[in-house]
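Pasting structure32.cif here (mmCIF, C-alpha atoms):
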```
data_run
#
loop_
_atom_site.label_atom_id
_atom_site.label_comp_id
_atom_site.auth_asym_id
_atom_site.auth_seq_id
_atom_site.Cartn_x
_atom_site.Cartn_y
_atom_site.Cartn_z
CA MET A 5 74.77 -100.81 -36.80
CA ILE A 6 74.48 -99.54 -40.38
CA PRO A 7 71.96 -96.72 -40.58
CA PRO A 8 69.27 -97.00 -43.22
CA ARG A 9 70.26 -95.42 -46.55
CA ASN A 10 67.61 -92.76 -46.38
CA SER A 11 68.42 -91.62 -42.84
CA GLU A 12 69.46 -88.19 -44.12
CA THR A 13 66.12 -87.57 -45.77
CA PRO A 14 64.47 -84.83 -43.73
CA PRO A 15 61.06 -85.52 -42.27
CA PRO A 16 58.10 -84.46 -44.45
CA ALA A 17 57.26 -81.31 -42.45
CA GLU A 18 60.80 -80.01 -42.84
CA ARG A 19 60.78 -80.75 -46.55
CA THR A 20 57.54 -78.79 -46.93
CA VAL A 21 59.10 -75.78 -45.19
CA ASP A 22 62.17 -76.09 -47.39
CA ARG A 23 60.02 -76.23 -50.52
CA ALA A 24 57.99 -73.21 -49.41
CA ALA A 25 61.18 -71.24 -48.67
CA ARG A 26 62.61 -72.08 -52.10
CA ALA A 27 59.36 -71.03 -53.79
CA PHE A 28 59.32 -67.77 -51.80
CA PHE A 29 62.90 -66.87 -52.69
CA ALA A 30 62.30 -67.81 -56.33
CA ALA A 31 59.24 -65.51 -56.40
CA VAL A 32 61.26 -62.67 -54.85
CA LEU A 33 64.05 -63.22 -57.41
CA GLY A 34 61.54 -63.12 -60.26
CA PHE A 35 59.88 -59.99 -58.85
CA VAL A 36 63.17 -58.12 -58.49
CA LEU A 37 64.43 -59.18 -61.94
CA GLY A 38 61.08 -58.16 -63.46
CA ILE A 39 61.37 -54.67 -61.97
CA ILE A 40 65.01 -54.33 -63.05
CA LEU A 41 64.20 -55.52 -66.58
CA ASP A 42 61.31 -53.08 -66.87
CA PHE A 43 63.61 -50.29 -65.71
CA VAL A 44 66.19 -51.23 -68.35
CA VAL A 45 63.53 -51.51 -71.07
CA THR A 46 62.13 -48.12 -70.08
CA LEU A 47 65.60 -46.61 -70.47
CA THR A 48 66.01 -48.04 -73.97
CA ALA A 49 62.64 -46.93 -75.37
CA SER A 50 60.17 -44.17 -74.78
CA PRO A 51 56.34 -44.03 -74.65
CA GLY A 52 54.85 -43.12 -77.98
CA SER A 53 57.65 -44.73 -79.96
CA THR A 54 56.49 -46.52 -83.07
CA PRO A 55 58.46 -49.16 -84.95
CA GLY A 56 58.71 -46.75 -87.89
CA ARG A 57 59.86 -43.75 -85.86
CA TYR A 58 62.02 -45.40 -83.28
CA GLY A 59 63.37 -48.43 -85.05
CA VAL A 60 62.30 -52.02 -84.83
CA ALA A 61 65.47 -53.38 -83.20
CA PRO A 62 65.08 -51.96 -79.64
CA ILE A 63 61.44 -53.00 -79.55
CA VAL A 64 62.12 -56.55 -80.76
CA LEU A 65 65.14 -56.83 -78.46
CA ALA A 66 63.07 -55.74 -75.44
CA TRP A 67 60.43 -58.40 -76.16
CA ALA A 68 63.05 -61.08 -76.89
CA VAL A 69 64.93 -60.38 -73.64
CA THR A 70 61.69 -60.34 -71.64
CA ILE A 71 60.40 -63.60 -73.08
CA GLY A 72 63.87 -65.14 -72.72
CA LEU A 73 64.11 -64.08 -69.08
CA ALA A 74 60.62 -65.44 -68.43
CA ALA A 75 61.63 -68.79 -69.91
CA VAL A 76 64.87 -68.91 -67.87
CA LEU A 77 63.01 -68.04 -64.67
CA TYR A 78 60.45 -70.75 -65.36
CA ARG A 79 63.27 -73.27 -65.84
CA ILE A 80 64.84 -72.20 -62.52
CA HIS A 81 61.57 -72.43 -60.58
CA HIS A 82 58.01 -71.84 -61.73
CA TRP A 83 57.47 -69.43 -58.82
CA ALA A 84 60.28 -67.26 -60.20
CA LEU A 85 58.17 -66.68 -63.33
CA TYR A 86 55.12 -65.90 -61.21
CA GLY A 87 57.25 -63.44 -59.25
CA MET A 88 58.08 -61.69 -62.53
CA LEU A 89 54.39 -61.59 -63.46
CA GLY A 90 53.72 -60.19 -59.99
CA ALA A 91 56.19 -57.39 -60.69
CA TYR A 92 54.33 -56.50 -63.88
CA ALA A 93 50.95 -56.62 -62.15
CA ALA A 94 52.31 -54.40 -59.35
CA LEU A 95 53.69 -51.89 -61.87
CA PHE A 96 50.33 -51.76 -63.63
CA LEU A 97 48.42 -51.19 -60.37
CA LEU A 98 50.92 -48.56 -59.26
CA LEU A 99 50.61 -46.62 -62.51
CA LEU A 100 46.83 -47.09 -62.51
CA THR A 101 46.69 -45.61 -59.01
CA SER A 102 48.72 -42.63 -60.16
CA GLY A 103 46.40 -42.41 -63.20
CA MET A 104 43.47 -41.67 -60.90
CA PHE A 105 45.06 -38.30 -60.19
CA GLY A 106 45.51 -37.24 -63.77
CA PRO A 107 43.30 -36.89 -66.83
CA TYR A 108 42.90 -40.20 -68.55
CA THR A 109 43.37 -40.06 -72.29
CA CYS A 110 41.92 -43.46 -73.09
CA PHE A 111 39.47 -42.58 -75.82
CA GLY A 112 39.83 -38.82 -75.76
CA ALA A 113 39.71 -38.61 -79.54
CA TYR A 114 36.68 -40.84 -79.83
CA GLY A 115 34.72 -39.69 -82.85
CA TYR A 116 31.02 -39.07 -82.46
CA PRO A 117 28.94 -39.43 -85.60
CA SER A 118 27.13 -36.58 -87.28
CA PRO A 119 23.70 -35.80 -85.85
CA PRO A 120 20.90 -37.89 -87.37
CA MET B 8 29.45 -36.33 -67.34
CA VAL B 9 31.61 -36.29 -64.23
CA PRO B 10 35.26 -36.63 -65.27
CA VAL B 11 36.44 -35.56 -61.79
CA LEU B 12 34.68 -37.51 -59.04
CA PHE B 13 35.91 -35.60 -56.02
CA GLU B 14 38.99 -33.91 -54.60
CA VAL B 15 41.24 -35.02 -51.76
CA ALA B 16 43.18 -32.11 -50.27
CA GLY B 17 42.84 -30.25 -53.56
CA VAL B 18 43.96 -33.23 -55.66
CA PRO B 19 41.31 -34.28 -58.23
CA ILE B 20 40.34 -37.95 -58.45
CA TYR B 21 39.35 -38.79 -62.02
CA SER B 22 36.38 -41.09 -62.55
CA HIS B 23 37.88 -43.33 -65.25
CA GLY B 24 41.00 -44.29 -63.30
CA PHE B 25 39.03 -44.53 -60.05
CA PHE B 26 36.40 -46.93 -61.40
CA LEU B 27 38.97 -48.96 -63.35
CA MET B 28 40.88 -49.50 -60.11
CA LEU B 29 37.65 -50.16 -58.19
CA GLY B 30 36.60 -52.69 -60.86
CA LEU B 31 39.92 -54.54 -60.57
CA LEU B 32 39.70 -54.57 -56.76
CA THR B 33 36.09 -55.81 -56.96
CA CYS B 34 37.18 -58.56 -59.33
CA LEU B 35 40.00 -59.53 -56.96
CA ALA B 36 37.67 -59.56 -53.94
CA VAL B 37 35.16 -61.85 -55.69
CA VAL B 38 37.96 -64.19 -56.87
CA VAL B 39 39.31 -64.44 -53.31
CA PHE B 40 35.81 -65.05 -51.90
CA GLU B 41 34.97 -67.66 -54.53
CA ALA B 42 38.36 -69.37 -54.25
CA ARG B 43 37.90 -69.71 -50.48
CA ARG B 44 34.36 -71.02 -50.91
CA ARG B 45 35.62 -73.57 -53.45
CA ARG B 46 38.60 -74.45 -51.19
CA TRP B 47 40.95 -73.53 -54.01
CA PRO B 48 44.55 -73.61 -52.65
CA ALA B 49 46.59 -70.38 -52.61
CA GLY B 50 49.30 -72.23 -54.54
CA GLU B 51 46.91 -72.27 -57.50
CA VAL B 52 44.97 -69.03 -56.98
CA ILE B 53 48.07 -66.81 -56.97
CA PRO B 54 49.84 -68.15 -60.11
CA ILE B 55 46.64 -68.44 -62.13
CA GLY B 56 45.47 -65.02 -60.93
CA LEU B 57 48.79 -63.36 -61.79
CA ALA B 58 48.98 -65.03 -65.20
CA ALA B 59 45.37 -64.01 -65.90
CA PHE B 60 46.10 -60.43 -64.80
CA VAL B 61 49.18 -60.06 -67.01
CA GLY B 62 47.46 -61.96 -69.84
CA GLY B 63 44.54 -59.54 -69.60
CA MET B 64 46.90 -56.57 -69.60
CA VAL B 65 48.64 -57.81 -72.76
CA GLY B 66 45.43 -58.97 -74.45
CA ALA B 67 43.73 -55.60 -73.86
CA ARG B 68 46.54 -53.82 -75.70
CA VAL B 69 47.19 -56.33 -78.49
CA ALA B 70 43.48 -56.32 -79.35
CA MET B 71 43.72 -52.60 -80.14
CA LEU B 72 45.81 -53.50 -83.18
CA PHE B 73 42.85 -55.52 -84.44
CA PHE B 74 40.31 -52.83 -83.54
CA HIS B 75 42.21 -49.69 -84.53
CA GLY B 76 44.84 -50.92 -86.98
CA TRP B 77 48.34 -49.45 -87.29
CA ASP B 78 47.30 -46.29 -85.37
CA ALA B 79 47.49 -48.44 -82.22
CA ALA B 80 51.14 -49.40 -82.85
CA PRO B 81 52.67 -46.84 -80.41
CA PHE B 82 51.06 -48.52 -77.44
CA VAL B 83 50.96 -52.11 -78.70
CA PHE B 84 54.59 -52.72 -79.64
CA VAL B 85 56.44 -50.62 -77.07
CA GLN B 86 56.66 -52.83 -74.03
CA GLN B 87 56.69 -50.47 -71.08
CA THR B 88 53.45 -48.84 -72.19
CA TYR B 89 51.73 -52.09 -71.18
CA PHE B 90 52.20 -51.18 -67.53
CA ASP B 91 50.83 -47.68 -67.87
CA PRO B 92 47.09 -47.68 -68.45
CA ALA B 93 47.20 -43.92 -69.05
CA VAL B 94 49.38 -44.20 -72.18
CA GLY B 95 46.81 -45.72 -74.49
CA PRO B 96 43.49 -47.47 -74.66
CA GLY B 97 42.82 -51.10 -73.92
CA SER B 98 40.00 -53.38 -74.97
CA ILE B 99 37.79 -55.25 -72.50
CA LEU B 100 37.26 -57.99 -75.08
CA GLY B 101 41.00 -58.40 -75.62
CA GLY B 102 41.53 -58.29 -71.86
CA VAL B 103 39.04 -61.10 -71.29
CA VAL B 104 40.58 -63.30 -73.98
CA GLY B 105 44.14 -62.53 -72.81
CA ALA B 106 43.23 -63.27 -69.19
CA TYR B 107 41.66 -66.57 -70.22
CA ILE B 108 44.75 -67.61 -72.20
CA GLY B 109 47.11 -66.52 -69.38
CA GLY B 110 45.09 -68.33 -66.72
CA HIS B 111 44.80 -71.43 -68.89
CA LEU B 112 48.58 -71.58 -69.52
CA ALA B 113 49.28 -71.17 -65.79
CA SER B 114 46.75 -73.87 -64.98
CA ARG B 115 48.44 -76.21 -67.49
CA SER B 116 51.89 -75.41 -66.08
CA LEU B 117 50.61 -76.41 -62.63
CA ARG B 118 49.50 -79.70 -64.20
CA ASN B 119 45.95 -79.33 -62.95
CA ALA B 120 43.80 -82.29 -63.78
CA GLY B 121 40.79 -80.03 -64.22
CA CYS B 122 40.26 -76.31 -64.59
CA THR B 123 39.66 -74.51 -61.32
CA CYS B 124 39.13 -71.19 -63.07
CA ASP B 125 35.38 -70.90 -62.50
CA ALA B 126 36.00 -68.57 -59.56
CA PHE B 127 36.90 -65.94 -62.16
CA ALA B 128 33.50 -66.05 -63.91
CA PRO B 129 31.33 -63.99 -61.51
CA ALA B 130 34.37 -61.86 -60.62
CA MET B 131 34.84 -60.84 -64.23
CA ALA B 132 31.17 -59.82 -64.59
CA LEU B 133 31.06 -57.72 -61.42
CA GLY B 134 34.45 -56.12 -62.14
CA MET B 135 33.25 -55.04 -65.59
CA ALA B 136 29.97 -53.73 -64.13
CA VAL B 137 31.96 -51.42 -61.84
CA GLY B 138 34.59 -50.42 -64.41
CA ARG B 139 32.00 -49.40 -67.01
CA ILE B 140 30.62 -46.74 -64.65
CA GLY B 141 33.93 -44.91 -65.06
CA ASP B 142 33.62 -45.13 -68.86
CA TYR B 143 30.20 -43.50 -68.62
CA LEU B 144 31.17 -40.76 -66.16
CA SER B 145 34.29 -39.79 -68.11
CA ALA B 146 32.63 -40.17 -71.56
CA GLU B 147 35.87 -41.70 -72.76
CA ASP B 148 34.82 -45.09 -74.07
CA GLY B 149 32.38 -43.97 -76.76
CA LEU B 150 28.96 -43.63 -75.22
CA GLY B 151 26.80 -44.58 -78.15
CA LYS B 152 24.94 -43.62 -81.27
CA PRO B 153 22.49 -40.71 -81.36
CA THR B 154 19.04 -41.51 -80.03
CA THR B 155 15.82 -39.85 -78.93
CA LEU B 156 14.99 -42.48 -76.29
CA PRO B 157 13.96 -41.06 -72.88
CA TRP B 158 17.17 -42.25 -71.21
CA ALA B 159 19.49 -40.69 -73.82
CA VAL B 160 22.35 -38.65 -72.37
CA PRO B 161 24.29 -35.59 -73.54
CA VAL B 162 28.01 -35.82 -74.33
CA PRO B 163 30.55 -33.02 -74.38
CA GLY B 164 31.17 -31.44 -77.74
CA VAL B 165 27.96 -32.43 -79.52
CA ASP B 166 24.46 -30.99 -79.40
CA TYR B 167 22.49 -34.24 -79.57
CA LEU B 168 21.75 -37.07 -77.15
CA VAL B 169 23.31 -40.55 -77.33
CA HIS B 170 22.83 -44.04 -75.94
CA PRO B 171 24.50 -44.49 -72.51
CA ALA B 172 26.14 -47.67 -73.86
CA PRO B 173 28.59 -48.19 -70.93
CA LEU B 174 25.60 -48.18 -68.56
CA TYR B 175 23.90 -50.86 -70.69
CA ASP B 176 27.12 -52.85 -70.35
CA SER B 177 27.21 -52.25 -66.61
CA ALA B 178 23.55 -53.22 -66.12
CA PHE B 179 23.98 -56.40 -68.15
CA ASN B 180 27.05 -57.36 -66.13
CA VAL B 181 25.19 -56.87 -62.81
CA LEU B 182 22.44 -59.20 -64.06
CA TRP B 183 25.01 -61.61 -65.51
CA PHE B 184 26.86 -61.64 -62.19
CA GLY B 185 23.60 -62.63 -60.44
CA ALA B 186 22.93 -65.35 -62.99
CA LEU B 187 26.47 -66.76 -62.69
CA ILE B 188 26.23 -66.74 -58.89
CA ALA B 189 22.92 -68.62 -59.14
CA LEU B 190 24.41 -71.17 -61.57
CA ARG B 191 27.85 -71.58 -60.03
CA ASP B 192 27.13 -74.82 -58.17
CA GLN B 193 25.43 -76.63 -61.05
CA PRO B 194 27.34 -79.88 -61.69
CA PHE B 195 27.45 -79.32 -65.46
CA LEU B 196 29.02 -75.86 -64.98
CA GLN B 197 32.18 -76.98 -63.21
CA ASN B 198 35.70 -77.57 -64.48
CA GLY B 199 35.93 -74.37 -66.51
CA ASN B 200 32.43 -74.47 -67.99
CA LEU B 201 31.12 -71.59 -65.84
CA LEU B 202 33.94 -69.36 -67.07
CA LYS B 203 33.27 -70.34 -70.68
CA LEU B 204 29.57 -69.56 -70.16
CA ALA B 205 30.50 -66.18 -68.65
CA ILE B 206 32.71 -65.29 -71.63
CA GLY B 207 30.19 -66.60 -74.17
CA GLY B 208 27.32 -64.70 -72.55
CA TYR B 209 29.26 -61.45 -72.57
CA ALA B 210 30.26 -62.02 -76.22
CA VAL B 211 26.58 -62.43 -77.20
CA PHE B 212 25.61 -59.28 -75.28
CA ARG B 213 28.53 -57.29 -76.64
CA PHE B 214 27.72 -58.33 -80.21
CA ALA B 215 24.20 -56.93 -79.73
CA ILE B 216 25.22 -53.74 -77.92
CA GLU B 217 27.75 -52.86 -80.62
CA PHE B 218 24.79 -51.87 -82.83
CA VAL B 219 24.22 -48.82 -80.58
CA ARG B 220 27.90 -48.05 -79.87
CA ASN B 221 29.75 -45.79 -82.24
CA ASN B 222 32.69 -47.98 -83.20
CA ASP B 223 33.72 -47.89 -86.85
CA VAL B 224 32.25 -50.52 -89.15
CA LEU B 225 34.83 -52.94 -90.55
CA ALA B 226 32.81 -54.89 -93.14
CA PHE B 227 29.25 -56.11 -93.80
CA GLY B 228 27.87 -53.60 -91.29
CA LEU B 229 29.77 -55.14 -88.36
CA THR B 230 32.44 -53.55 -86.16
CA PRO B 231 35.80 -55.21 -85.36
CA GLN B 232 34.46 -55.80 -81.84
CA GLN B 233 31.55 -57.76 -83.29
CA TYR B 234 33.93 -59.89 -85.34
CA ALA B 235 35.93 -60.52 -82.16
CA CYS B 236 32.71 -61.65 -80.43
CA LEU B 237 31.94 -63.99 -83.34
CA LEU B 238 35.48 -65.41 -83.20
CA THR B 239 35.14 -65.97 -79.44
CA LEU B 240 31.76 -67.68 -79.86
CA GLY B 241 33.18 -69.75 -82.73
CA ALA B 242 36.11 -70.88 -80.58
CA LEU B 243 33.72 -71.88 -77.78
CA ALA B 244 31.50 -73.78 -80.24
CA ILE B 245 34.51 -75.66 -81.62
CA TYR B 246 35.62 -76.50 -78.06
CA TYR B 247 32.25 -78.03 -77.20
CA VAL B 248 31.65 -79.80 -80.52
CA ARG B 249 35.13 -81.32 -80.91
CA PRO B 250 35.17 -83.72 -77.92
CA ARG B 251 31.88 -85.22 -79.07
CA GLN B 252 33.33 -85.86 -82.52
CA LEU B 253 36.41 -87.49 -80.99
CA ALA B 254 34.26 -89.60 -78.68
CA SER B 255 32.03 -90.75 -81.53
CA ARG B 256 34.99 -92.12 -83.54
#
```
Please re-express this file's structure in structure tokens.
Amino acid sequence: MIPPRNSETPPPAERTVDRAARAFFAAVLGFVLGIILDFVVTLTASPGSTPGRYGVAPIVLAWAVTIGLAAVLYRIHHWALYGMLGAYAALFLLLLTSGMFGPYTCFGAYGYPSPP
Amino acid sequence: MVPVLFEVAGVPIYSHGFFLMLGLLTCLAVVVFEARRRRWPAGEVIPIGLAAFVGGMVGARVAMLFFHGWDAAPFVFVQQTYFDPAVGPGSILGGVVGAYIGGHLASRSLRNAGCTCDAFAPAMALGMAVGRIGDYLSAEDGLGKPTTLPWAVPVPGVDYLVHPAPLYDSAFNVLWFGALIALRDQPFLQNGNLLKLAIGGYAVFRFAIEFVRNNDVLAFGLTPQQYACLLTLGALAIYYVRPRQLASR
């Protein structure tokens, strides 16, 4: 007896698990690549650099590579891009947590007007 | 002012960072609660939430270029400073707009028929209410213009009293949170309209409160923040007027 042509199609529950696993691994890939990219970008620039003082090229290159990687990850799987965004959110929260233990210089030089 | 809230084993905990973190966690808690109440699937909450978070992070910094000009370049152009809130200032207004754009793009990428972003509306208000307490305690985000009102507060370095502007912001956001919670189930405030109302309401309040904050005037007696509020309100007005024009053709 000839089996039906779609006999190899996994049942729906299995396909859902497969899809979830692919999304999970894509998110992990994006997360890891986001962390690595941030590490590389941090090595090539330094806080406080301005385009005039540091040079425009490294700054533009960092943004171009980041946006390019984001686009590639989105093409691979949209959860890979969200993994990358998750890496950035995690970095922000980590540094914000560490910022609780040190003076915050947000608007330290805020100018108050002369007395009325 | 109370720049150091308390100490843990001799390590000082600074009020600005503490309340900024507490504000973000409050925002997250309300989003999770609202998303569950609205039966919003995790497959949408997480991507839209992450995109809104990163969009807010970027928007807060980019807006500083508009508010402070080229002086803001060191922490606007250099990418890794975006992840370190201690490197430079960020703008709440820019953060709100950036978060909206990020969340909207993620929602579009998920091919949502409608906008399920209304869960963010009360969350944003309560998060800002908490975060502004840190601004007040640390006296970092300009308190306000000099005043002789009974509730005026002293600031370090000057011998006159000023408006506690961050507390005005915080009080408004508590009230606004209550109003948004009360309105959240209205049929005409679904599909993204509650979030637009939340942003529009804050823009109106912020425009008014800028008159007692001590930001620099840009032109015609208005600060850059007030122009940003007007732009936001203009964009919302165009959004609501345009469909009617298209429908009437």
Inset, instruction - Report the distance between CA of Ala136 in chain B and CA of Val181 in chain B in Å, rounded to one decimal place. - result: 5.9 Å
Legend entry - Between CA of Tyr86 in chain A and CA of Ala74 in chain A, distance in Å (one decimal): 9.1 Å
Inset, instruction - Just say which residues the PyMOL selection byres ((chain B and resi 238) around 12) picks in this file, as a VMD selection string. - result: chain B and resid 100 to 101 104 206 to 207 210 to 211 214 231 to 237 239 to 245
Just C-alpha atoms for this one: save the residues we selected as a JSON list (two decimals), in the frame of the given file.
```
[["chain", "number", "residue", "atom", "x", "y", "z"],
["B", 100, "LEU", "CA", 37.26, -57.99, -75.08],
["B", 101, "GLY", "CA", 41.00, -58.40, -75.62],
["B", 104, "VAL", "CA", 40.58, -63.30, -73.98],
["B", 206, "ILE", "CA", 32.71, -65.29, -71.63],
["B", 207, "GLY", "CA", 30.19, -66.60, -74.17],
["B", 210, "ALA", "CA", 30.26, -62.02, -76.22],
["B", 211, "VAL", "CA", 26.58, -62.43, -77.20],
["B", 214, "PHE", "CA", 27.72, -58.33, -80.21],
["B", 231, "PRO", "CA", 35.80, -55.21, -85.36],
["B", 232, "GLN", "CA", 34.46, -55.80, -81.84],
["B", 233, "GLN", "CA", 31.55, -57.76, -83.29],
["B", 234, "TYR", "CA", 33.93, -59.89, -85.34],
["B", 235, "ALA", "CA", 35.93, -60.52, -82.16],
["B", 236, "CYS", "CA", 32.71, -61.65, -80.43],
["B", 237, "LEU", "CA", 31.94, -63.99, -83.34],
["B", 239, "THR", "CA", 35.14, -65.97, -79.44],
["B", 240, "LEU", "CA", 31.76, -67.68, -79.86],
["B", 241, "GLY", "CA", 33.18, -69.75, -82.73],
["B", 242, "ALA", "CA", 36.11, -70.88, -80.58],
["B", 243, "LEU", "CA", 33.72, -71.88, -77.78],
["B", 244, "ALA", "CA", 31.50, -73.78, -80.24],
["B", 245, "ILE", "CA", 34.51, -75.66, -81.62]]
```
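The interatomic distance for the pair CA of Leu182 in chain B and CA of Phe212 in chain B works out to 11.7 Å.
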Legend entry - Picked residues, the PyMOL selection byres ((chain B and resi 41) around 12), expected as a list of chain:residue names: B:Cys34, B:Leu35, B:Ala36, B:Val37, B:Val38, B:Val39, B:Phe40, B:Ala42, B:Arg43, B:Arg44, B:Arg45, B:Arg46, B:Trp47, B:Pro48, B:Val52, B:Thr123, B:Cys124, B:Asp125, B:Ala126, B:Phe127, B:Ala128, B:Pro129, B:Ala130, B:Met131, B:Leu187, B:Ile188, B:Arg191, B:Asp192
Inset, instruction - Given the file shown, enumerate the residues that the PyMOL selection byres ((chain B and resi 103) around 9) captures and present them as a list in words. - result: Ala59, Gly62, Gly63, Gly66, Ala67, Ser98, Ile99, Leu100, Gly101, Gly102, Val104, Gly105, Ala106, Tyr107, Ile108, Met131 and Ile206 of chain B
Legend entry - Of the listed residues A:Leu33, A:Ile80, A:Ala27, A:Val21, that which approaches chain B most closely, counting all atoms listed in the file: A:Ala27
Legend entry - Nearest to chain A by atom-to-atom distance, counting all atoms listed in the file, from B:Ala215, B:Leu225, B:Leu150, B:Trp183: B:Leu150
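Close contacts of Ile71 in chain A, defined as residues with an atom at most 12 Å away when counting all atoms listed in the file, with chain neighbours fewer than 5 positions off set aside, comprise Gly38, Leu41, Val64, Leu65, Ala66, Val76, Leu77, Tyr78, Leu85, Met88 and Leu89 of chain A; Gln86 of chain B.
Closest approach to chain B from the set A:Leu73, A:Ile39, A:Val32, A:Ile63 is made by A:Ile63, with distances taken over all atoms listed in the file.
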Show which residues sit within 12 Å of Phe13 in chain B, as a PDB file with C-alpha atoms, keeping the file's coordinate frame. Count all atoms listed in the file, and ignore same-chain residues fewer than 4 positions away.
```
ATOM      1  CA  MET A 104      43.470 -41.670 -60.900  1.00  0.00           C
ATOM      2  CA  PHE A 105      45.060 -38.300 -60.190  1.00  0.00           C
TER       3      PHE A 105
ATOM      4  CA  VAL B   9      31.610 -36.290 -64.230  1.00  0.00           C
ATOM      5  CA  GLY B  17      42.840 -30.250 -53.560  1.00  0.00           C
ATOM      6  CA  VAL B  18      43.960 -33.230 -55.660  1.00  0.00           C
ATOM      7  CA  PRO B  19      41.310 -34.280 -58.230  1.00  0.00           C
ATOM      8  CA  ILE B  20      40.340 -37.950 -58.450  1.00  0.00           C
ATOM      9  CA  TYR B  21      39.350 -38.790 -62.020  1.00  0.00           C
ATOM     10  CA  SER B  22      36.380 -41.090 -62.550  1.00  0.00           C
ATOM     11  CA  PHE B  25      39.030 -44.530 -60.050  1.00  0.00           C
TER      12      PHE B  25
END
```
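Checking B:Phe26, B:Trp77, B:Tyr89, B:Phe60 one by one against Trp67 in chain A, counting all atoms listed in the file, you find the shortest gap at B:Tyr89.
In this comparison, which uses all atoms listed in the file, the residue of A:Val69, A:Ala61, A:Val36, A:Val45 approaching chain B most closely is A:Val45.
Among the candidate residues A:Ala91, A:Gly72, A:Thr46, A:His81, the one lying nearest to chain B is A:Thr46, with distances computed using all atoms listed in the file.
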All heavy atoms are needed for range 150-154 of chain B; please write them out as a compact mmCIF listing (two decimals), in the coordinates of the input.
```txt
# COMPACT_ATOMS: atom_id res chain seq x y z
N LEU B 150 30.24 -43.34 -75.87
CA LEU B 150 28.96 -43.63 -75.22
C LEU B 150 28.01 -44.38 -76.13
O LEU B 150 27.50 -45.42 -75.76
CB LEU B 150 28.34 -42.32 -74.74
CG LEU B 150 28.96 -41.76 -73.47
CD1 LEU B 150 28.29 -40.49 -73.07
CD2 LEU B 150 28.88 -42.77 -72.34
N GLY B 151 27.72 -43.87 -77.28
CA GLY B 151 26.80 -44.58 -78.15
C GLY B 151 26.30 -43.71 -79.29
O GLY B 151 26.65 -42.53 -79.39
N LYS B 152 25.47 -44.33 -80.11
CA LYS B 152 24.94 -43.62 -81.27
C LYS B 152 23.84 -42.64 -80.84
O LYS B 152 23.24 -42.82 -79.78
CB LYS B 152 24.38 -44.64 -82.26
CG LYS B 152 25.49 -45.39 -82.98
CD LYS B 152 24.95 -46.37 -83.98
CE LYS B 152 26.11 -47.02 -84.72
NZ LYS B 152 25.73 -48.22 -85.45
N PRO B 153 23.55 -41.66 -81.69
CA PRO B 153 22.49 -40.71 -81.36
C PRO B 153 21.15 -41.42 -81.20
O PRO B 153 20.86 -42.38 -81.91
CB PRO B 153 22.47 -39.79 -82.57
CG PRO B 153 23.79 -39.95 -83.22
CD PRO B 153 24.22 -41.33 -82.95
N THR B 154 20.36 -40.93 -80.26
CA THR B 154 19.04 -41.51 -80.03
C THR B 154 18.11 -40.47 -79.42
O THR B 154 18.58 -39.49 -78.84
CB THR B 154 19.12 -42.74 -79.11
OG1 THR B 154 17.81 -43.28 -78.93
CG2 THR B 154 19.70 -42.40 -77.75
```
